[in-house]
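Colleague: File query-v7.tsv follows (TSV, C-alpha atoms):
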chain	number	residue	atom	x	y	z
A	919	MET	CA	75.57	34.22	-56.65
A	920	VAL	CA	75.56	37.96	-55.95
A	921	THR	CA	76.00	38.83	-59.60
A	922	VAL	CA	72.90	36.90	-60.62
A	923	ALA	CA	70.94	38.40	-57.75
A	924	GLU	CA	71.48	41.88	-59.19
A	925	LEU	CA	70.39	40.90	-62.67
A	926	PRO	CA	67.33	42.82	-63.90
A	927	ALA	CA	64.34	40.74	-64.97
A	928	GLY	CA	63.24	40.18	-68.58
A	929	PHE	CA	59.76	40.82	-69.97
A	930	ALA	CA	56.98	40.20	-67.47
A	931	ASP	CA	54.91	38.71	-70.30
A	932	LYS	CA	57.31	37.26	-72.84
A	933	VAL	CA	55.05	36.55	-75.79
A	934	LEU	CA	52.83	39.63	-75.81
A	935	SER	CA	55.65	42.04	-74.95
A	936	ALA	CA	57.88	40.64	-77.69
A	937	GLN	CA	55.01	40.81	-80.18
A	938	SER	CA	54.16	44.43	-79.41
A	939	THR	CA	57.84	45.44	-79.50
A	940	PHE	CA	58.32	43.64	-82.81
A	941	ARG	CA	55.30	45.50	-84.18
A	942	SER	CA	56.78	48.86	-83.12
A	943	VAL	CA	60.14	48.09	-84.74
A	944	MET	CA	58.44	46.80	-87.89
A	945	ASP	CA	56.31	49.94	-88.17
A	946	ALA	CA	59.42	52.07	-87.63
A	947	MET	CA	61.23	50.19	-90.43
A	948	ALA	CA	58.22	50.48	-92.75
A	949	ARG	CA	57.90	54.24	-92.18
A	950	PRO	CA	61.46	55.52	-91.91
A	951	GLY	CA	61.73	58.67	-89.84
A	952	SER	CA	58.44	58.15	-87.99
A	953	VAL	CA	58.70	57.96	-84.21
A	954	GLN	CA	57.23	54.75	-82.78
A	955	ARG	CA	56.70	54.01	-79.09
A	956	ILE	CA	57.63	50.81	-77.28
A	957	HIS	CA	55.02	49.91	-74.72
A	958	ALA	CA	56.51	46.78	-73.18
A	959	ALA	CA	58.31	47.31	-69.88
A	960	PRO	CA	61.30	45.01	-69.37
A	961	GLY	CA	63.92	45.12	-66.63
A	962	ILE	CA	66.76	47.38	-67.74
A	963	PRO	CA	70.50	46.91	-67.10
A	964	ALA	CA	72.37	50.13	-66.27
A	965	PRO	CA	73.39	52.08	-69.41
A	966	MET	CA	70.59	50.67	-71.56
A	967	MET	CA	67.47	52.63	-72.35
A	968	HIS	CA	63.97	51.19	-72.09
A	969	GLY	CA	63.60	50.80	-75.87
A	970	THR	CA	67.03	49.22	-76.33
A	971	ALA	CA	66.33	46.60	-73.67
A	972	ALA	CA	62.94	45.73	-75.20
A	973	ILE	CA	64.44	45.43	-78.70
A	974	ALA	CA	67.24	43.24	-77.37
A	975	LEU	CA	64.80	40.86	-75.68
A	976	THR	CA	62.67	40.74	-78.82
A	977	LEU	CA	65.23	40.34	-81.61
A	978	PHE	CA	68.34	38.77	-80.07
A	979	ASP	CA	68.82	35.03	-79.76
A	980	HIS	CA	71.60	32.45	-79.87
A	981	ASP	CA	71.96	32.89	-83.65
A	982	THR	CA	72.63	36.65	-83.51
A	983	PRO	CA	76.13	37.67	-82.41
A	984	VAL	CA	75.98	41.02	-80.63
A	985	TRP	CA	78.68	43.65	-80.43
A	986	LEU	CA	78.66	46.20	-77.58
A	987	ASP	CA	80.37	49.57	-77.67
A	988	ARG	CA	82.56	50.87	-74.85
A	989	THR	CA	79.66	52.46	-72.97
A	990	MET	CA	77.68	49.21	-72.98
A	991	SER	CA	80.66	47.03	-72.10
A	992	ALA	CA	82.02	49.37	-69.38
A	993	THR	CA	80.66	46.93	-66.81
A	994	SER	CA	79.72	43.31	-67.48
A	995	ASP	CA	76.10	43.99	-66.47
A	996	VAL	CA	74.75	44.32	-70.01
A	997	ALA	CA	76.65	41.33	-71.37
A	998	LYS	CA	75.47	39.16	-68.46
A	999	TRP	CA	71.90	40.32	-68.84
A	1000	LEU	CA	71.92	39.60	-72.59
A	1001	LYS	CA	73.47	36.20	-72.00
A	1002	PHE	CA	70.90	35.21	-69.38
A	1003	HIS	CA	67.77	36.42	-71.14
A	1004	THR	CA	68.59	36.07	-74.84
A	1005	SER	CA	71.58	33.66	-74.88
A	1006	ALA	CA	73.04	35.83	-77.65
A	1007	PRO	CA	76.83	35.57	-77.96
A	1008	VAL	CA	78.57	38.86	-77.18
A	1009	ILE	CA	81.53	39.19	-79.52
A	1010	ALA	CA	84.51	41.54	-79.82
A	1011	ASP	CA	84.62	41.76	-83.62
A	1012	PRO	CA	81.90	44.03	-85.05
A	1013	SER	CA	82.44	42.77	-88.63
A	1014	VAL	CA	80.62	39.49	-87.92
A	1015	SER	CA	77.91	40.83	-85.64
A	1016	SER	CA	74.18	40.73	-86.39
A	1017	PHE	CA	73.47	43.59	-84.02
A	1018	ALA	CA	75.61	46.33	-82.56
A	1019	VAL	CA	74.37	48.16	-79.48
A	1020	ILE	CA	75.79	51.68	-79.26
A	1021	GLY	CA	75.36	53.39	-75.90
A	1022	ASN	CA	77.19	56.57	-76.84
A	1023	ALA	CA	76.80	57.65	-80.47
A	1024	GLN	CA	79.89	59.86	-80.19
A	1025	ASN	CA	82.03	56.71	-79.99
A	1026	LEU	CA	80.54	55.04	-83.05
A	1027	PRO	CA	83.33	53.29	-84.97
A	1028	PRO	CA	83.63	53.84	-88.73
A	1029	LEU	CA	80.71	52.09	-90.45
A	1030	ASP	CA	82.98	49.96	-92.62
A	1031	ARG	CA	83.96	48.01	-89.52
A	1032	PHE	CA	80.47	46.46	-89.42
A	1033	ALA	CA	79.09	43.66	-91.59
A	1034	ILE	CA	77.37	44.86	-94.76
A	1035	GLY	CA	76.24	41.46	-96.04
A	1036	SER	CA	76.93	40.08	-99.48
A	1037	ASN	CA	75.04	40.42	-102.76
A	1038	GLU	CA	73.75	36.87	-102.31
A	1039	TYR	CA	72.87	37.38	-98.62
A	1040	PRO	CA	72.31	41.09	-97.99
A	1041	ASP	CA	70.53	40.17	-94.75
A	1042	ARG	CA	73.84	39.11	-93.17
A	1043	SER	CA	74.59	42.67	-92.19
A	1044	THR	CA	74.84	44.46	-88.88
A	1045	THR	CA	71.83	46.35	-87.57
A	1046	LEU	CA	73.01	49.28	-85.44
A	1047	ILE	CA	70.95	50.10	-82.39
A	1048	ILE	CA	72.05	53.57	-81.34
A	1049	GLN	CA	70.94	55.36	-78.19
A	1050	VAL	CA	70.60	59.10	-78.76
A	1051	GLY	CA	69.91	62.10	-76.54
A	1052	SER	CA	66.68	63.11	-78.23
A	1053	LEU	CA	64.39	62.17	-81.12
A	1054	ALA	CA	62.28	65.32	-80.90
A	1055	ALA	CA	64.81	68.15	-80.88
A	1056	GLY	CA	68.17	68.87	-82.46
A	1057	PRO	CA	69.38	69.16	-86.05
A	1058	ALA	CA	66.74	68.40	-88.69
A	1059	PHE	CA	67.26	65.89	-91.50
A	1060	GLU	CA	65.25	65.30	-94.62
A	1061	LEU	CA	64.51	61.66	-95.45
A	1062	THR	CA	63.45	60.24	-98.80
A	1063	GLY	CA	62.99	56.70	-100.04
A	1064	PRO	CA	60.56	53.75	-99.91
A	1065	GLY	CA	57.95	54.08	-97.17
A	1066	ILE	CA	58.08	57.86	-97.24
A	1067	ASP	CA	55.47	59.91	-99.09
A	1068	GLY	CA	57.64	62.68	-100.56
A	1069	THR	CA	59.96	63.64	-97.78
A	1070	ALA	CA	59.93	63.16	-94.01
A	1071	VAL	CA	61.72	65.31	-91.47
A	1072	LEU	CA	63.57	63.80	-88.54
A	1073	GLN	CA	64.91	65.87	-85.66
A	1074	ALA	CA	67.49	64.05	-83.58
A	1075	THR	CA	70.64	64.74	-81.62
A	1076	ILE	CA	73.08	62.49	-83.40
A	1077	PRO	CA	76.75	62.95	-84.13
A	1078	ALA	CA	77.39	64.91	-87.31
A	1079	GLY	CA	79.30	62.19	-89.14
A	1080	LEU	CA	76.77	59.38	-88.76
A	1081	PHE	CA	74.35	60.29	-91.51
A	1082	ASP	CA	77.18	61.22	-93.88
A	1083	GLY	CA	78.56	57.73	-93.27
A	1084	LEU	CA	75.21	56.19	-94.18
A	1085	ALA	CA	75.62	57.57	-97.70
A	1086	ILE	CA	77.54	54.35	-98.45
A	1087	ASN	CA	74.16	52.57	-98.39
A	1088	ALA	CA	73.32	54.19	-101.74
A	1089	VAL	CA	76.45	52.77	-103.36
A	1090	LEU	CA	76.39	49.35	-101.69
A	1091	PHE	CA	72.75	48.43	-102.28
A	1092	PRO	CA	71.48	45.71	-101.81
A	1093	ARG	CA	74.20	45.46	-99.19
A	1094	GLY	CA	74.20	48.07	-96.45
A	1095	ILE	CA	73.62	48.90	-92.83
A	1096	ASP	CA	70.29	49.44	-91.10
A	1097	VAL	CA	70.06	51.81	-88.16
A	1098	VAL	CA	67.59	51.95	-85.30
A	1099	LEU	CA	67.73	55.10	-83.17
A	1100	VAL	CA	66.42	54.79	-79.62
A	1101	HIS	CA	65.65	57.43	-77.05
A	1102	ASP	CA	63.93	56.13	-73.92
A	1103	ASP	CA	60.81	54.41	-75.31
A	1104	ALA	CA	60.86	56.16	-78.71
A	1105	VAL	CA	62.24	54.37	-81.78
A	1106	VAL	CA	63.12	55.64	-85.25
A	1107	ALA	CA	64.46	53.38	-87.97
A	1108	ILE	CA	66.70	54.37	-90.87
A	1109	PRO	CA	66.73	51.32	-93.16
A	1110	ARG	CA	69.34	51.03	-95.90
A	1111	THR	CA	66.94	52.28	-98.58
A	1112	THR	CA	66.46	55.67	-96.94
A	1113	ARG	CA	68.46	58.66	-98.21
A	1114	LEU	CA	69.30	61.47	-95.81
A	1115	ALA	CA	70.16	65.11	-96.23
A	1116	ALA	CA	70.68	67.81	-93.61
A	1117	GLN	CA	67.72	70.15	-93.89
A	1118	GLY	CA	68.56	73.46	-95.54
A	1119	ALA	CA	71.63	71.97	-97.18
B	1443	MET	CA	84.69	29.68	-43.64
B	1444	GLY	CA	82.73	31.31	-46.45
B	1445	ALA	CA	83.48	28.37	-48.68
B	1446	THR	CA	82.05	25.85	-46.22
B	1447	VAL	CA	78.79	27.80	-45.85
B	1448	GLU	CA	78.49	27.95	-49.64
B	1449	ASP	CA	79.25	24.25	-49.91
B	1450	ALA	CA	76.59	23.47	-47.35
B	1451	ILE	CA	74.04	25.52	-49.27
B	1452	ARG	CA	75.04	23.80	-52.50
B	1453	VAL	CA	74.51	20.38	-50.92
B	1454	GLN	CA	71.13	21.48	-49.59
B	1455	ARG	CA	70.04	22.80	-52.98
B	1456	LYS	CA	71.09	19.59	-54.66
B	1457	ALA	CA	69.15	17.54	-52.12
B	1458	ALA	CA	66.10	19.77	-52.52
B	1459	MET	CA	66.26	19.50	-56.31
B	1460	SER	CA	66.44	15.71	-56.26
B	1461	VAL	CA	63.23	15.64	-54.22
B	1462	LEU	CA	61.35	18.37	-56.08
B	1463	ALA	CA	62.16	17.12	-59.57
B	1464	HIS	CA	60.51	13.78	-58.76
B	1465	ALA	CA	57.56	15.19	-56.85
B	1466	ASP	CA	54.16	15.78	-58.35
B	1467	GLY	CA	53.27	19.42	-59.17
B	1468	ASP	CA	50.06	19.26	-57.11
B	1469	ALA	CA	51.92	17.82	-54.14
B	1470	ILE	CA	54.45	20.67	-54.19
B	1471	ALA	CA	51.63	23.20	-54.41
B	1472	ARG	CA	49.87	21.61	-51.40
B	1473	CYS	CA	53.07	21.74	-49.33
B	1474	LEU	CA	53.86	25.32	-50.36
B	1475	GLY	CA	50.36	26.28	-49.28
B	1476	ALA	CA	51.40	25.50	-45.69
B	1477	ILE	CA	54.05	28.23	-45.50
B	1478	ASP	CA	53.92	31.98	-45.93
B	1479	LEU	CA	55.50	32.65	-49.29
B	1480	PRO	CA	57.97	35.55	-49.35
B	1481	ALA	CA	57.61	38.37	-51.89
B	1482	HIS	CA	59.19	37.33	-55.17
B	1483	THR	CA	59.38	38.23	-58.86
B	1484	ASP	CA	59.95	36.16	-61.98
B	1485	LEU	CA	63.46	36.70	-63.24
B	1486	ARG	CA	62.75	34.38	-66.12
B	1487	GLU	CA	59.17	33.55	-67.01
B	1488	PRO	CA	58.49	29.80	-66.98
B	1489	GLU	CA	59.07	28.41	-70.46
B	1490	ASN	CA	59.12	25.08	-72.30
B	1491	GLY	CA	61.99	23.71	-74.28
B	1492	LEU	CA	63.61	20.53	-75.52
B	1493	VAL	CA	66.72	18.74	-74.33
B	1494	MET	CA	68.52	15.92	-76.10
B	1495	VAL	CA	68.56	12.80	-73.96
B	1496	ARG	CA	71.70	10.70	-74.29
B	1497	GLY	CA	71.64	6.99	-73.72
B	1498	ARG	CA	74.04	4.08	-73.69
B	1499	ILE	CA	73.43	0.36	-73.72
B	1500	GLY	CA	75.25	-1.39	-70.91
B	1501	GLY	CA	77.88	0.25	-68.78
B	1502	ASP	CA	80.48	0.31	-71.53
B	1503	GLY	CA	78.27	1.00	-74.57
B	1504	ALA	CA	78.96	4.03	-76.74
B	1505	PRO	CA	76.69	7.01	-75.92
B	1506	PHE	CA	74.07	7.85	-78.54
B	1507	ASN	CA	71.27	10.39	-78.86
B	1508	LEU	CA	68.13	8.69	-77.63
B	1509	GLY	CA	65.69	11.47	-78.48
B	1510	GLU	CA	64.39	14.79	-77.26
B	1511	ALA	CA	62.44	15.37	-74.08
B	1512	THR	CA	60.40	18.40	-73.09
B	1513	VAL	CA	61.62	20.40	-70.12
B	1514	SER	CA	60.28	23.48	-68.35
B	1515	ARG	CA	62.43	26.02	-66.61
B	1516	ALA	CA	61.99	29.17	-64.57
B	1517	ALA	CA	64.03	31.57	-62.45
B	1518	VAL	CA	62.63	33.42	-59.46
B	1519	ARG	CA	64.14	36.17	-57.31
B	1520	LEU	CA	63.05	36.82	-53.76
B	1521	ALA	CA	62.67	40.39	-52.53
B	1522	THR	CA	65.71	39.67	-50.31
B	1523	GLY	CA	67.87	38.92	-53.35
B	1524	GLU	CA	68.14	35.12	-53.47
B	1525	VAL	CA	67.78	33.70	-56.97
B	1526	GLY	CA	66.40	30.23	-57.52
B	1527	PHE	CA	66.33	28.13	-60.66
B	1528	GLY	CA	63.92	25.35	-61.52
B	1529	TYR	CA	64.20	22.75	-64.25
B	1530	THR	CA	61.86	19.82	-64.62
B	1531	LEU	CA	60.91	17.23	-67.22
B	1532	GLY	CA	57.54	17.80	-68.85
B	1533	ARG	CA	55.49	20.87	-69.63
B	1534	ASP	CA	54.27	21.79	-66.16
B	1535	LEU	CA	55.21	25.50	-66.09
B	1536	GLU	CA	53.79	26.05	-62.62
B	1537	LYS	CA	55.89	23.18	-61.25
B	1538	ALA	CA	59.05	24.74	-62.71
B	1539	ARG	CA	58.18	28.04	-61.04
B	1540	MET	CA	57.51	26.36	-57.68
B	1541	ILE	CA	60.81	24.46	-57.87
B	1542	ALA	CA	62.62	27.74	-58.58
B	1543	LEU	CA	60.85	29.35	-55.63
B	1544	CYS	CA	61.83	26.49	-53.32
B	1545	ASP	CA	65.42	26.68	-54.59
B	1546	ALA	CA	65.51	30.38	-53.75
B	1547	MET	CA	64.03	29.80	-50.29
B	1548	VAL	CA	66.53	27.03	-49.51
B	1549	GLN	CA	69.30	29.61	-49.98
B	1550	SER	CA	67.67	32.08	-47.61
B	1551	ARG	CA	68.84	31.70	-44.04
B	1552	ALA	CA	65.47	32.77	-42.65
B	1553	LEU	CA	63.35	30.43	-44.76
B	1554	ALA	CA	65.51	27.36	-45.28
B	1555	ASP	CA	64.34	25.57	-42.14
B	1556	SER	CA	60.62	25.99	-42.73
B	1557	VAL	CA	61.00	24.86	-46.37
B	1558	GLU	CA	62.91	21.80	-45.23
B	1559	ALA	CA	60.33	20.95	-42.57
B	1560	LYS	CA	57.10	21.70	-44.41
B	1561	VAL	CA	57.92	21.05	-48.07
B	1562	LEU	CA	60.99	18.92	-48.57
B	1563	ALA	CA	60.58	16.50	-45.66
B	1564	PRO	CA	57.00	15.40	-46.51
B	1565	LEU	CA	57.81	15.12	-50.22
B	1566	ARG	CA	60.95	13.16	-49.51
B	1567	ALA	CA	59.05	10.82	-47.19
B	1568	ALA	CA	56.39	10.29	-49.86
B	1569	MET	CA	59.03	9.63	-52.51
B	1570	LEU	CA	60.90	7.11	-50.35
B	1571	ALA	CA	57.65	5.37	-49.36
B	1572	ASP	CA	56.68	5.11	-53.01
B	1573	ARG	CA	60.06	3.66	-53.91
B	1574	ALA	CA	59.90	1.17	-51.06
B	1575	ARG	CA	56.41	0.09	-52.14
B	1576	LYS	CA	57.56	-0.43	-55.73
B	1577	SER	CA	60.63	-2.43	-54.75
B	1578	ALA	CA	58.50	-4.51	-52.37
B	1579	GLU	CA	56.11	-5.22	-55.25
B	1580	ALA	CA	59.03	-6.20	-57.43
B	1581	ALA	CA	60.60	-8.29	-54.67
B	1582	ALA	CA	57.39	-10.32	-54.34
B	1583	THR	CA	57.78	-11.56	-57.89
B	1584	ARG	CA	61.38	-12.58	-57.42
B	1585	VAL	CA	62.34	-16.05	-58.62
B	1586	ASP	CA	65.42	-17.88	-57.43
B	1587	PHE	CA	67.00	-20.17	-59.92
B	1588	TYR	CA	69.04	-23.12	-58.85
B	1589	THR	CA	71.49	-24.81	-61.10
B	1590	MET	CA	71.36	-28.56	-61.02
B	1591	VAL	CA	74.82	-29.89	-61.03
B	1592	ARG	CA	75.25	-33.01	-63.08
B	1593	GLY	CA	77.54	-35.78	-62.12
B	1594	GLU	CA	79.45	-36.03	-58.95
B	1595	GLY	CA	79.78	-32.71	-57.13
What's the structure tokens form of this structure?

Modeller:
Amino acid sequence: MVTVAELPAGFADKVLSAQSTFRSVMDAMARPGSVQRIHAAPGIPAPMMHGTAAIALTLFDHDTPVWLDRTMSATSDVAKWLKFHTSAPVIADPSVSSFAVIGNAQNLPPLDRFAIGSNEYPDRSTTLIIQVGSLAAGPAFELTGPGIDGTAVLQATIPAGLFDGLAINAVLFPRGIDVVLVHDDAVVAIPRTTRLAAQGA
Amino acid sequence: MGATVEDAIRVQRKAAMSVLAHADGDAIARCLGAIDLPAHTDLREPENGLVMVRGRIGGDGAPFNLGEATVSRAAVRLATGEVGFGYTLGRDLEKARMIALCDAMVQSRALADSVEAKVLAPLRAAMLADRARKSAEAAATRVDFYTMVRGEG
């Protein structure tokens, strides 16, 4: 009884909030590196950021197994909240997850532990939702690929190894891993078609 | 001690649900109008869905899927922390929300009595009266059959 009483609410307006959040994520995916804002205001369980919670309520359902990192699963709050509002199964094995929610990017497991899909079904891969310290300051990266006119520059505080690890996307295509970076209400997507290089390298 | 209080609340909630689920949405709204509603928020917005209804023919028939029925559900949290859930057949979203609100109030020590007196009691009385009327109507059409016994009894 007490545990449910402390559960944060979902979207105040389910349909419109989910639509506007979906639009933000879609725009972010279509223009890799661009910073999109999430306007919907859901209830937020403890270590989650505003954007992460909105994306979870929009994209997760009973067909999408979700994997949580140690920061997210430190208490059962997030798992309970996801279960109540999205009915998504929270699983322990990242290799069969549709989404992975990473609260602390420093603890990101090696990318080969996630699902990369198959050549027949490249969509059966894990989408990483990573919370980062900032999407406006920090090391600069140069992005190229579909959806980018020439090159785009992304400044973000992310662990050094992450973008090196994403180089596997070039080899694996059409398989691969999509990444959504979240800081508060700002969202940046790095789909599998985007190539990254540290600026000045 | 704690267990008995919880059991008592569970019994009360069950009793409240069996009345509210059968009551008309407008009737619940009228009764709720008579009490001061506490501050509350929607934990889960009212929504529609489908449930599979199972049936069986006779007491010992094998269960089968009869078909799907629409249900509405909602969850409401009072400012004091009680969480109530409402499920009802049909697509009346407002009714699901009111049931959830009543369920939450039944759990609150301060509000349980006024909900019982002003909402549940009148609805229960109306439900029982309706049932009694229907069974009286049915009883009026009752036919007693006698079996004629042939031969020497």

Colleague: Measure the distance from atom CA of Thr1044 of chain A to atom CA of Ser1016 of chain A in Å and round it to one decimal.

Modeller: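 Atom CA of Ser1016 of chain A lies 4.5 Å from atom CA of Thr1044 of chain A.
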
Colleague: Mind dumping a table of every chain B residue within 8 Å of chain A, with the nearest atom pair and its distance in Å to one decimal, using only C-alpha atoms, sorted by chain and rising number, as a Markdown table?

Modeller:
| residue | atom | partner | partner_atom | distance |
| --- | --- | --- | --- | --- |
| B:Asp1484 | CA | A:Ala927 | CA | 7.0 |
| B:Leu1485 | CA | A:Ala927 | CA | 4.5 |
| B:Arg1486 | CA | A:Gly928 | CA | 6.3 |
| B:Glu1487 | CA | A:Ala930 | CA | 7.0 |
| B:Arg1519 | CA | A:Ala923 | CA | 7.2 |
| B:Gly1523 | CA | A:Ala923 | CA | 5.4 |
| B:Glu1524 | CA | A:Ala923 | CA | 6.1 |
| B:Val1525 | CA | A:Ala923 | CA | 5.7 |

Colleague: Mind checking which residues fall within 7 Å of segment 1447-1461 of chain B, counting all atoms listed in the file, ignoring those fewer than 6 positions away in the same chain, and posting them as a PDB file with C-alpha atoms, keeping the file's coordinate frame?

Modeller:
ATOM      1  CA  ASP B1545      65.420  26.680 -54.590  1.00  0.00           C
ATOM      2  CA  VAL B1548      66.530  27.030 -49.510  1.00  0.00           C
ATOM      3  CA  GLN B1549      69.300  29.610 -49.980  1.00  0.00           C
ATOM      4  CA  LEU B1562      60.990  18.920 -48.570  1.00  0.00           C
ATOM      5  CA  LEU B1565      57.810  15.120 -50.220  1.00  0.00           C
ATOM      6  CA  ARG B1566      60.950  13.160 -49.510  1.00  0.00           C
TER       7      ARG B1566
END

Colleague: Quick one: everything within 9 Å of Val943 of chain A, counting only C-alpha atoms, minus sequence neighbours fewer than 4 positions away in the same chain. Send it as an MDAnalysis selection string.

Modeller: chainID A and resid 938:939 947:948 954:956 973 1098 1105:1107

Colleague: Just give me the gap between atom CA of Arg1496 of chain B and atom CA of Val1513 of chain B in Å, one decimal is fine.

Modeller: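 Taking atom CA of Arg1496 of chain B as the start and atom CA of Val1513 of chain B as the end point, the length is 14.6 Å.
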
Colleague: Could you please determine the separation between atom CA of Asn1490 of chain B and atom CA of Ile1541 of chain B in Å, to one decimal place?

Modeller: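 These two atoms are separated by 14.5 Å.
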
Colleague: Please, which residues are within 7 Å of (70.6, 52.0, -90.0) by the file's coordinates, counting all atoms listed in the file, and could they come as number ranges by chain?

Modeller: A: 1045-1046, 1095-1098, 1107-1110
